[in-house]
file work17.cif (mmCIF, N, CA and C atoms)
data_protein
loop_
_atom_site.label_atom_id
_atom_site.label_comp_id
_atom_site.auth_asym_id
_atom_site.auth_seq_id
_atom_site.Cartn_x
_atom_site.Cartn_y
_atom_site.Cartn_z
N MET X 1 102.87 111.59 106.65
CA MET X 1 102.85 110.16 106.48
C MET X 1 101.41 109.65 106.47
N LEU X 2 101.13 108.83 105.51
CA LEU X 2 99.80 108.25 105.39
C LEU X 2 99.70 107.05 106.33
N ARG X 3 98.71 107.05 107.16
CA ARG X 3 98.53 105.99 108.15
C ARG X 3 97.64 104.88 107.59
N ALA X 4 97.85 103.67 108.12
CA ALA X 4 97.06 102.52 107.68
C ALA X 4 95.57 102.76 107.88
N SER X 5 95.20 103.40 108.98
CA SER X 5 93.78 103.66 109.25
C SER X 5 93.18 104.60 108.21
N GLU X 6 93.99 105.54 107.70
CA GLU X 6 93.52 106.46 106.66
C GLU X 6 93.32 105.71 105.34
N ILE X 7 94.23 104.80 105.06
CA ILE X 7 94.10 103.99 103.85
C ILE X 7 92.84 103.14 103.92
N CYS X 8 92.59 102.53 105.07
CA CYS X 8 91.40 101.70 105.25
C CYS X 8 90.13 102.52 105.12
N SER X 9 90.14 103.72 105.69
CA SER X 9 88.95 104.59 105.60
C SER X 9 88.68 104.97 104.15
N ARG X 10 89.72 105.31 103.42
CA ARG X 10 89.56 105.69 102.00
C ARG X 10 89.05 104.51 101.18
N ALA X 11 89.60 103.33 101.44
CA ALA X 11 89.15 102.13 100.73
C ALA X 11 87.68 101.86 101.01
N ALA X 12 87.25 102.03 102.27
CA ALA X 12 85.85 101.81 102.64
C ALA X 12 84.94 102.80 101.91
N GLU X 13 85.38 104.04 101.79
CA GLU X 13 84.61 105.05 101.06
C GLU X 13 84.45 104.65 99.60
N LEU X 14 85.54 104.18 99.00
CA LEU X 14 85.52 103.83 97.58
C LEU X 14 84.60 102.65 97.28
N VAL X 15 84.73 101.58 98.05
CA VAL X 15 83.93 100.38 97.75
C VAL X 15 82.46 100.57 98.09
N SER X 16 82.15 101.55 98.92
CA SER X 16 80.76 101.80 99.29
C SER X 16 80.12 102.94 98.49
N GLY X 17 80.93 103.78 97.89
CA GLY X 17 80.41 104.96 97.22
C GLY X 17 80.59 104.92 95.72
N ASP X 18 81.54 105.69 95.22
CA ASP X 18 81.76 105.84 93.79
C ASP X 18 81.98 104.52 93.06
N ARG X 19 82.79 103.66 93.62
CA ARG X 19 83.08 102.38 92.96
C ARG X 19 81.81 101.54 92.81
N ASN X 20 80.96 101.58 93.79
CA ASN X 20 79.72 100.82 93.71
C ASN X 20 78.84 101.36 92.57
N ARG X 21 78.84 102.67 92.41
CA ARG X 21 78.03 103.28 91.34
C ARG X 21 78.64 102.98 89.97
N THR X 22 79.96 103.15 89.84
CA THR X 22 80.59 102.97 88.52
C THR X 22 80.79 101.52 88.14
N HIS X 23 80.98 100.64 89.12
CA HIS X 23 81.25 99.23 88.81
C HIS X 23 80.06 98.32 89.06
N GLY X 24 79.01 98.83 89.66
CA GLY X 24 77.84 98.02 89.92
C GLY X 24 77.99 97.12 91.13
N ASP X 25 77.04 96.23 91.27
CA ASP X 25 77.01 95.31 92.40
C ASP X 25 78.31 94.52 92.49
N LYS X 26 78.89 94.47 93.67
CA LYS X 26 80.19 93.81 93.86
C LYS X 26 80.18 92.34 93.46
N ARG X 27 79.20 91.60 93.93
CA ARG X 27 79.16 90.17 93.61
C ARG X 27 78.98 89.96 92.11
N GLU X 28 78.04 90.68 91.52
CA GLU X 28 77.81 90.53 90.08
C GLU X 28 79.06 90.91 89.30
N ASN X 29 79.72 91.98 89.71
CA ASN X 29 80.94 92.43 89.05
C ASN X 29 82.02 91.35 89.11
N HIS X 30 82.25 90.82 90.29
CA HIS X 30 83.29 89.81 90.44
C HIS X 30 82.91 88.49 89.79
N ASP X 31 81.62 88.16 89.76
CA ASP X 31 81.17 86.97 89.03
C ASP X 31 81.47 87.11 87.55
N LYS X 32 81.21 88.29 86.98
CA LYS X 32 81.49 88.52 85.56
C LYS X 32 82.98 88.43 85.27
N ILE X 33 83.80 88.99 86.15
CA ILE X 33 85.25 88.89 85.98
C ILE X 33 85.68 87.43 86.02
N ALA X 34 85.13 86.65 86.94
CA ALA X 34 85.46 85.23 87.04
C ALA X 34 85.10 84.49 85.76
N VAL X 35 83.95 84.81 85.18
CA VAL X 35 83.55 84.18 83.91
C VAL X 35 84.58 84.48 82.83
N MET X 36 84.99 85.75 82.74
CA MET X 36 85.96 86.14 81.71
C MET X 36 87.30 85.43 81.94
N TRP X 37 87.76 85.40 83.18
CA TRP X 37 89.05 84.78 83.46
C TRP X 37 89.00 83.27 83.26
N ASN X 38 87.90 82.62 83.64
CA ASN X 38 87.78 81.18 83.40
C ASN X 38 87.79 80.87 81.91
N ALA X 39 87.12 81.70 81.12
CA ALA X 39 87.14 81.51 79.67
C ALA X 39 88.56 81.67 79.13
N TYR X 40 89.27 82.65 79.63
CA TYR X 40 90.65 82.86 79.19
C TYR X 40 91.52 81.65 79.51
N PHE X 41 91.37 81.09 80.72
CA PHE X 41 92.16 79.93 81.10
C PHE X 41 91.92 78.76 80.13
N LYS X 42 90.71 78.64 79.62
CA LYS X 42 90.38 77.54 78.71
C LYS X 42 91.00 77.73 77.32
N ILE X 43 91.24 78.97 76.91
CA ILE X 43 91.72 79.20 75.54
C ILE X 43 93.20 79.57 75.46
N ARG X 44 93.88 79.64 76.59
CA ARG X 44 95.31 79.97 76.57
C ARG X 44 96.07 79.00 75.69
N ARG X 45 97.15 79.48 75.09
CA ARG X 45 97.98 78.61 74.24
C ARG X 45 98.44 77.38 74.99
N ASN X 46 98.91 77.58 76.20
CA ASN X 46 99.40 76.49 77.03
C ASN X 46 98.70 76.56 78.39
N PRO X 47 97.48 76.03 78.47
CA PRO X 47 96.68 76.18 79.68
C PRO X 47 97.34 75.67 80.96
N LYS X 48 98.28 74.75 80.85
CA LYS X 48 98.91 74.18 82.04
C LYS X 48 100.11 75.00 82.52
N ASP X 49 100.58 75.94 81.71
CA ASP X 49 101.71 76.77 82.11
C ASP X 49 101.30 77.70 83.26
N VAL X 50 102.28 78.06 84.08
CA VAL X 50 102.02 79.06 85.11
C VAL X 50 101.76 80.40 84.43
N LEU X 51 101.03 81.26 85.12
CA LEU X 51 100.74 82.57 84.56
C LEU X 51 102.00 83.41 84.45
N GLY X 52 102.06 84.20 83.39
CA GLY X 52 103.17 85.12 83.19
C GLY X 52 102.66 86.55 83.08
N ALA X 53 103.57 87.46 82.85
CA ALA X 53 103.23 88.88 82.76
C ALA X 53 102.20 89.15 81.66
N GLY X 54 102.35 88.50 80.52
CA GLY X 54 101.40 88.68 79.43
C GLY X 54 100.00 88.23 79.80
N ASP X 55 99.92 87.13 80.52
CA ASP X 55 98.62 86.64 80.99
C ASP X 55 97.96 87.65 81.92
N VAL X 56 98.75 88.24 82.80
CA VAL X 56 98.21 89.23 83.73
C VAL X 56 97.66 90.43 82.96
N ALA X 57 98.39 90.91 81.97
CA ALA X 57 97.91 92.03 81.17
C ALA X 57 96.60 91.69 80.49
N THR X 58 96.50 90.49 79.92
CA THR X 58 95.27 90.06 79.27
C THR X 58 94.13 89.97 80.27
N MET X 59 94.39 89.39 81.42
CA MET X 59 93.34 89.23 82.42
C MET X 59 92.87 90.59 82.97
N MET X 60 93.78 91.53 83.08
CA MET X 60 93.37 92.87 83.53
C MET X 60 92.50 93.54 82.47
N ALA X 61 92.80 93.32 81.19
CA ALA X 61 91.94 93.85 80.13
C ALA X 61 90.56 93.21 80.22
N LEU X 62 90.51 91.91 80.48
CA LEU X 62 89.22 91.23 80.63
C LEU X 62 88.45 91.76 81.83
N LEU X 63 89.17 92.10 82.91
CA LEU X 63 88.53 92.70 84.07
C LEU X 63 87.83 94.00 83.66
N LYS X 64 88.53 94.82 82.88
CA LYS X 64 87.95 96.09 82.44
C LYS X 64 86.75 95.85 81.53
N ILE X 65 86.82 94.85 80.68
CA ILE X 65 85.69 94.52 79.80
C ILE X 65 84.49 94.09 80.63
N ALA X 66 84.71 93.25 81.62
CA ALA X 66 83.62 92.81 82.49
C ALA X 66 82.99 93.99 83.21
N ARG X 67 83.81 94.93 83.68
CA ARG X 67 83.29 96.10 84.38
C ARG X 67 82.44 96.99 83.48
N MET X 68 82.69 96.96 82.18
CA MET X 68 81.92 97.79 81.25
C MET X 68 80.46 97.34 81.17
N GLU X 69 80.17 96.15 81.66
CA GLU X 69 78.82 95.61 81.59
C GLU X 69 77.97 95.94 82.81
N LEU X 70 78.53 96.64 83.79
CA LEU X 70 77.80 96.98 85.01
C LEU X 70 77.99 98.45 85.35
N GLY X 71 77.11 98.96 86.15
CA GLY X 71 77.27 100.32 86.67
C GLY X 71 77.16 101.39 85.61
N ASP X 72 77.54 102.59 85.99
CA ASP X 72 77.52 103.73 85.09
C ASP X 72 78.68 103.65 84.11
N PHE X 73 78.55 104.37 82.99
CA PHE X 73 79.64 104.45 82.02
C PHE X 73 80.85 105.07 82.69
N ASN X 74 81.99 104.42 82.53
CA ASN X 74 83.25 104.92 83.07
C ASN X 74 84.29 104.83 81.96
N PRO X 75 84.64 105.96 81.35
CA PRO X 75 85.60 105.93 80.23
C PRO X 75 86.94 105.32 80.60
N ASP X 76 87.29 105.34 81.88
CA ASP X 76 88.55 104.74 82.31
C ASP X 76 88.61 103.25 82.01
N ASP X 77 87.46 102.58 82.03
CA ASP X 77 87.45 101.14 81.72
C ASP X 77 87.96 100.90 80.30
N ALA X 78 87.49 101.69 79.34
CA ALA X 78 87.93 101.53 77.96
C ALA X 78 89.40 101.90 77.80
N VAL X 79 89.78 103.01 78.37
CA VAL X 79 91.17 103.48 78.27
C VAL X 79 92.11 102.47 78.91
N ASP X 80 91.77 102.04 80.12
CA ASP X 80 92.62 101.06 80.81
C ASP X 80 92.68 99.74 80.06
N GLY X 81 91.54 99.31 79.52
CA GLY X 81 91.50 98.06 78.76
C GLY X 81 92.43 98.10 77.56
N VAL X 82 92.40 99.19 76.82
CA VAL X 82 93.30 99.36 75.67
C VAL X 82 94.75 99.38 76.14
N GLY X 83 94.99 100.04 77.26
CA GLY X 83 96.34 100.10 77.81
C GLY X 83 96.87 98.72 78.14
N TYR X 84 96.04 97.89 78.76
CA TYR X 84 96.47 96.53 79.10
C TYR X 84 96.73 95.69 77.86
N ILE X 85 95.91 95.85 76.83
CA ILE X 85 96.15 95.12 75.58
C ILE X 85 97.46 95.59 74.95
N ALA X 86 97.72 96.91 74.99
CA ALA X 86 98.98 97.43 74.45
C ALA X 86 100.18 96.87 75.22
N ILE X 87 100.04 96.78 76.54
CA ILE X 87 101.11 96.20 77.35
C ILE X 87 101.35 94.76 76.93
N ARG X 88 100.27 93.99 76.73
CA ARG X 88 100.40 92.60 76.30
C ARG X 88 101.14 92.53 74.98
N GLY X 89 100.76 93.41 74.05
CA GLY X 89 101.44 93.43 72.75
C GLY X 89 102.93 93.72 72.87
N GLU X 90 103.26 94.68 73.71
CA GLU X 90 104.67 95.01 73.93
C GLU X 90 105.41 93.85 74.57
N LEU X 91 104.81 93.22 75.56
CA LEU X 91 105.46 92.09 76.21
C LEU X 91 105.69 90.93 75.24
N ASP X 92 104.70 90.66 74.39
CA ASP X 92 104.84 89.57 73.42
C ASP X 92 105.89 89.89 72.35
N ALA X 93 106.03 91.17 72.00
CA ALA X 93 106.96 91.57 70.94
C ALA X 93 108.40 91.69 71.43
N THR X 94 108.58 91.76 72.75
CA THR X 94 109.91 91.95 73.31
C THR X 94 110.36 90.63 73.96
N PRO X 95 111.46 90.07 73.43
CA PRO X 95 111.94 88.80 74.00
C PRO X 95 112.38 88.91 75.44
#

call {"tool": "encode", "arguments": {"input": "work17.cif", "output": "structure tokens"}}
result
Amino acid sequence: MLRASEICSRAAELVSGDRNRTHGDKRENHDKIAVMWNAYFKIRRNPKDVLGAGDVATMMALLKIARMELGDFNPDDAVDGVGYIAIRGELDATP
């Protein structure tokens, strides 16, 4: 059984080690994501609507795009970004 303390220790290792190298400075990274998400909120078809599954997929793709601008090259950002766009397409195509 995985204990909460083990999960916390692993998370601390990630945000201080590899993730910091691949994603860059935490504040700068999250500031860039905020810029992308704020821009998305301004251009949504219905900006006043509550967020839906398609919006989440789009915003996650934008998160990956923002991450591509910091830190070391991480091919997962591109792969994940394409995956989120594909999910958005599937969600929009399926009633």

call {"tool": "residues_around", "arguments": {"input": "work17.cif", "residues": "His23 (chain X)", "least_positions_apart": "2", "cutoff": "6 Å", "atoms": "all atoms listed in the file", "output": "PyMOL selection string"}}
result
chain X and resi 18-21+25+29+67+70-72

call {"tool": "resolve_selection", "arguments": {"input": "work17.cif", "expression": "the PyMOL selection byres (((chain X and resi 82 and name CA) around 12) and name CA)", "output": "list in words"}}
result
Ala57, Thr58, Met60, Ala61, Leu62, Leu63, Lys64, Ile65, Pro75, Asp76, Asp77, Ala78, Val79, Asp80, Gly81, Gly83, Tyr84, Ile85, Ala86, Ile87, Arg88 and Gly89 of chain X

call {"tool": "atom_distance", "arguments": {"input": "work17.cif", "atom1": "atom N of Asp49 (chain X)", "atom2": "atom C of Leu91 (chain X)"}}
result
17.1 Å

call {"tool": "residues_around", "arguments": {"input": "work17.cif", "residues": "region 40-46 of chain X", "least_positions_apart": "3", "cutoff": "10 Å", "atoms": "only C-alpha atoms", "output": "PyMOL selection string"}}
result
chain X and resi 34-37+49-51+55+58-59+62

call {"tool": "atom_distance", "arguments": {"input": "work17.cif", "atom1": "CA of Gly24 (chain X)", "atom2": "atom C of Arg10 (chain X)"}}
result
17.2 Å

call {"tool": "atom_distance", "arguments": {"input": "work17.cif", "atom1": "CA of Glu28 (chain X)", "atom2": "CA of Phe73 (chain X)"}}
result
16.2 Å

call {"tool": "closest_residue", "arguments": {"input": "work17.cif", "among": "X:Glu69, X:Glu13, X:Asp92, X:Glu6", "to": "Ala53 (chain X)", "atoms": "only C-alpha atoms"}}
result
X:Asp92

call {"tool": "decode", "arguments": {"input": "work17.cif", "residues": "region 4-93 of chain X", "atoms": "C-alpha atoms", "output": "PDB file, in the first residue's frame"}}
result
ATOM      1  CA  ALA X   4       0.427   9.457   1.926  1.00  0.00           C
ATOM      2  CA  SER X   5       3.905  10.326   3.223  1.00  0.00           C
ATOM      3  CA  GLU X   6       5.465   8.422   0.297  1.00  0.00           C
ATOM      4  CA  ILE X   7       3.288  10.299  -2.165  1.00  0.00           C
ATOM      5  CA  CYS X   8       4.306  13.609  -0.586  1.00  0.00           C
ATOM      6  CA  SER X   9       7.991  12.675  -0.688  1.00  0.00           C
ATOM      7  CA  ARG X  10       7.774  11.714  -4.365  1.00  0.00           C
ATOM      8  CA  ALA X  11       5.929  14.934  -5.211  1.00  0.00           C
ATOM      9  CA  ALA X  12       8.612  16.963  -3.391  1.00  0.00           C
ATOM     10  CA  GLU X  13      11.326  15.197  -5.395  1.00  0.00           C
ATOM     11  CA  LEU X  14       9.535  15.921  -8.672  1.00  0.00           C
ATOM     12  CA  VAL X  15       8.854  19.623  -8.137  1.00  0.00           C
ATOM     13  CA  SER X  16      12.399  20.210  -6.897  1.00  0.00           C
ATOM     14  CA  GLY X  17      14.299  18.019  -9.346  1.00  0.00           C
ATOM     15  CA  ASP X  18      13.358  16.788 -12.813  1.00  0.00           C
ATOM     16  CA  ARG X  19      10.216  18.882 -13.163  1.00  0.00           C
ATOM     17  CA  ASN X  20      12.118  22.051 -12.346  1.00  0.00           C
ATOM     18  CA  ARG X  21      14.662  21.230 -15.061  1.00  0.00           C
ATOM     19  CA  THR X  22      12.129  20.208 -17.722  1.00  0.00           C
ATOM     20  CA  HIS X  23       9.473  22.824 -16.959  1.00  0.00           C
ATOM     21  CA  GLY X  24      11.655  25.709 -15.831  1.00  0.00           C
ATOM     22  CA  ASP X  25      11.014  28.188 -13.063  1.00  0.00           C
ATOM     23  CA  LYS X  26       7.716  27.422 -11.325  1.00  0.00           C
ATOM     24  CA  ARG X  27       6.438  30.990 -11.156  1.00  0.00           C
ATOM     25  CA  GLU X  28       7.383  31.770 -14.748  1.00  0.00           C
ATOM     26  CA  ASN X  29       5.832  28.489 -15.895  1.00  0.00           C
ATOM     27  CA  HIS X  30       2.555  29.121 -14.115  1.00  0.00           C
ATOM     28  CA  ASP X  31       2.500  32.773 -15.232  1.00  0.00           C
ATOM     29  CA  LYS X  32       2.787  31.599 -18.856  1.00  0.00           C
ATOM     30  CA  ILE X  33      -0.007  29.078 -18.350  1.00  0.00           C
ATOM     31  CA  ALA X  34      -2.186  31.832 -16.841  1.00  0.00           C
ATOM     32  CA  VAL X  35      -1.549  34.043 -19.881  1.00  0.00           C
ATOM     33  CA  MET X  36      -2.599  31.221 -22.218  1.00  0.00           C
ATOM     34  CA  TRP X  37      -5.716  30.386 -20.204  1.00  0.00           C
ATOM     35  CA  ASN X  38      -6.759  34.043 -19.876  1.00  0.00           C
ATOM     36  CA  ALA X  39      -6.429  34.445 -23.635  1.00  0.00           C
ATOM     37  CA  TYR X  40      -8.546  31.342 -24.150  1.00  0.00           C
ATOM     38  CA  PHE X  41     -11.270  32.683 -21.845  1.00  0.00           C
ATOM     39  CA  LYS X  42     -11.439  35.835 -23.983  1.00  0.00           C
ATOM     40  CA  ILE X  43     -11.892  33.961 -27.283  1.00  0.00           C
ATOM     41  CA  ARG X  44     -14.253  31.167 -26.227  1.00  0.00           C
ATOM     42  CA  ARG X  45     -17.438  30.894 -28.280  1.00  0.00           C
ATOM     43  CA  ASN X  46     -19.536  31.562 -25.195  1.00  0.00           C
ATOM     44  CA  PRO X  47     -17.236  33.194 -22.626  1.00  0.00           C
ATOM     45  CA  LYS X  48     -19.964  33.317 -19.964  1.00  0.00           C
ATOM     46  CA  ASP X  49     -20.734  29.585 -20.107  1.00  0.00           C
ATOM     47  CA  VAL X  50     -19.365  27.322 -17.405  1.00  0.00           C
ATOM     48  CA  LEU X  51     -16.360  25.268 -18.429  1.00  0.00           C
ATOM     49  CA  GLY X  52     -17.008  21.901 -20.009  1.00  0.00           C
ATOM     50  CA  ALA X  53     -14.936  18.855 -20.896  1.00  0.00           C
ATOM     51  CA  GLY X  54     -13.899  20.348 -24.244  1.00  0.00           C
ATOM     52  CA  ASP X  55     -12.659  23.497 -22.544  1.00  0.00           C
ATOM     53  CA  VAL X  56     -10.562  21.426 -20.158  1.00  0.00           C
ATOM     54  CA  ALA X  57      -8.965  19.531 -23.052  1.00  0.00           C
ATOM     55  CA  THR X  58      -8.143  22.819 -24.795  1.00  0.00           C
ATOM     56  CA  MET X  59      -6.740  24.363 -21.632  1.00  0.00           C
ATOM     57  CA  MET X  60      -4.564  21.318 -20.980  1.00  0.00           C
ATOM     58  CA  ALA X  61      -3.174  21.626 -24.526  1.00  0.00           C
ATOM     59  CA  LEU X  62      -2.429  25.290 -23.802  1.00  0.00           C
ATOM     60  CA  LEU X  63      -0.670  24.239 -20.596  1.00  0.00           C
ATOM     61  CA  LYS X  64       1.583  21.967 -22.648  1.00  0.00           C
ATOM     62  CA  ILE X  65       2.251  24.756 -25.157  1.00  0.00           C
ATOM     63  CA  ALA X  66       3.219  27.137 -22.347  1.00  0.00           C
ATOM     64  CA  ARG X  67       5.568  24.517 -20.896  1.00  0.00           C
ATOM     65  CA  MET X  68       7.331  24.199 -24.250  1.00  0.00           C
ATOM     66  CA  GLU X  69       8.636  27.743 -23.760  1.00  0.00           C
ATOM     67  CA  LEU X  70      10.598  26.958 -20.573  1.00  0.00           C
ATOM     68  CA  GLY X  71      13.111  24.438 -19.354  1.00  0.00           C
ATOM     69  CA  ASP X  72      14.715  21.652 -21.327  1.00  0.00           C
ATOM     70  CA  PHE X  73      13.095  20.085 -24.388  1.00  0.00           C
ATOM     71  CA  ASN X  74      10.547  17.515 -23.273  1.00  0.00           C
ATOM     72  CA  PRO X  75       8.935  15.555 -26.126  1.00  0.00           C
ATOM     73  CA  ASP X  76       6.060  14.625 -23.815  1.00  0.00           C
ATOM     74  CA  ASP X  77       4.821  18.228 -24.004  1.00  0.00           C
ATOM     75  CA  ALA X  78       4.282  17.934 -27.762  1.00  0.00           C
ATOM     76  CA  VAL X  79       2.807  14.442 -27.580  1.00  0.00           C
ATOM     77  CA  ASP X  80       0.487  15.348 -24.706  1.00  0.00           C
ATOM     78  CA  GLY X  81      -0.530  18.592 -26.409  1.00  0.00           C
ATOM     79  CA  VAL X  82      -1.555  16.735 -29.571  1.00  0.00           C
ATOM     80  CA  GLY X  83      -3.388  14.196 -27.434  1.00  0.00           C
ATOM     81  CA  TYR X  84      -5.417  16.901 -25.708  1.00  0.00           C
ATOM     82  CA  ILE X  85      -6.318  18.506 -29.043  1.00  0.00           C
ATOM     83  CA  ALA X  86      -7.398  15.076 -30.343  1.00  0.00           C
ATOM     84  CA  ILE X  87      -9.548  14.603 -27.242  1.00  0.00           C
ATOM     85  CA  ARG X  88     -11.146  18.009 -27.863  1.00  0.00           C
ATOM     86  CA  GLY X  89     -11.873  17.009 -31.450  1.00  0.00           C
ATOM     87  CA  GLU X  90     -13.469  13.757 -30.358  1.00  0.00           C
ATOM     88  CA  LEU X  91     -15.553  15.480 -27.703  1.00  0.00           C
ATOM     89  CA  ASP X  92     -16.782  18.098 -30.192  1.00  0.00           C
ATOM     90  CA  ALA X  93     -17.599  15.442 -32.816  1.00  0.00           C
TER      91      ALA X  93
END
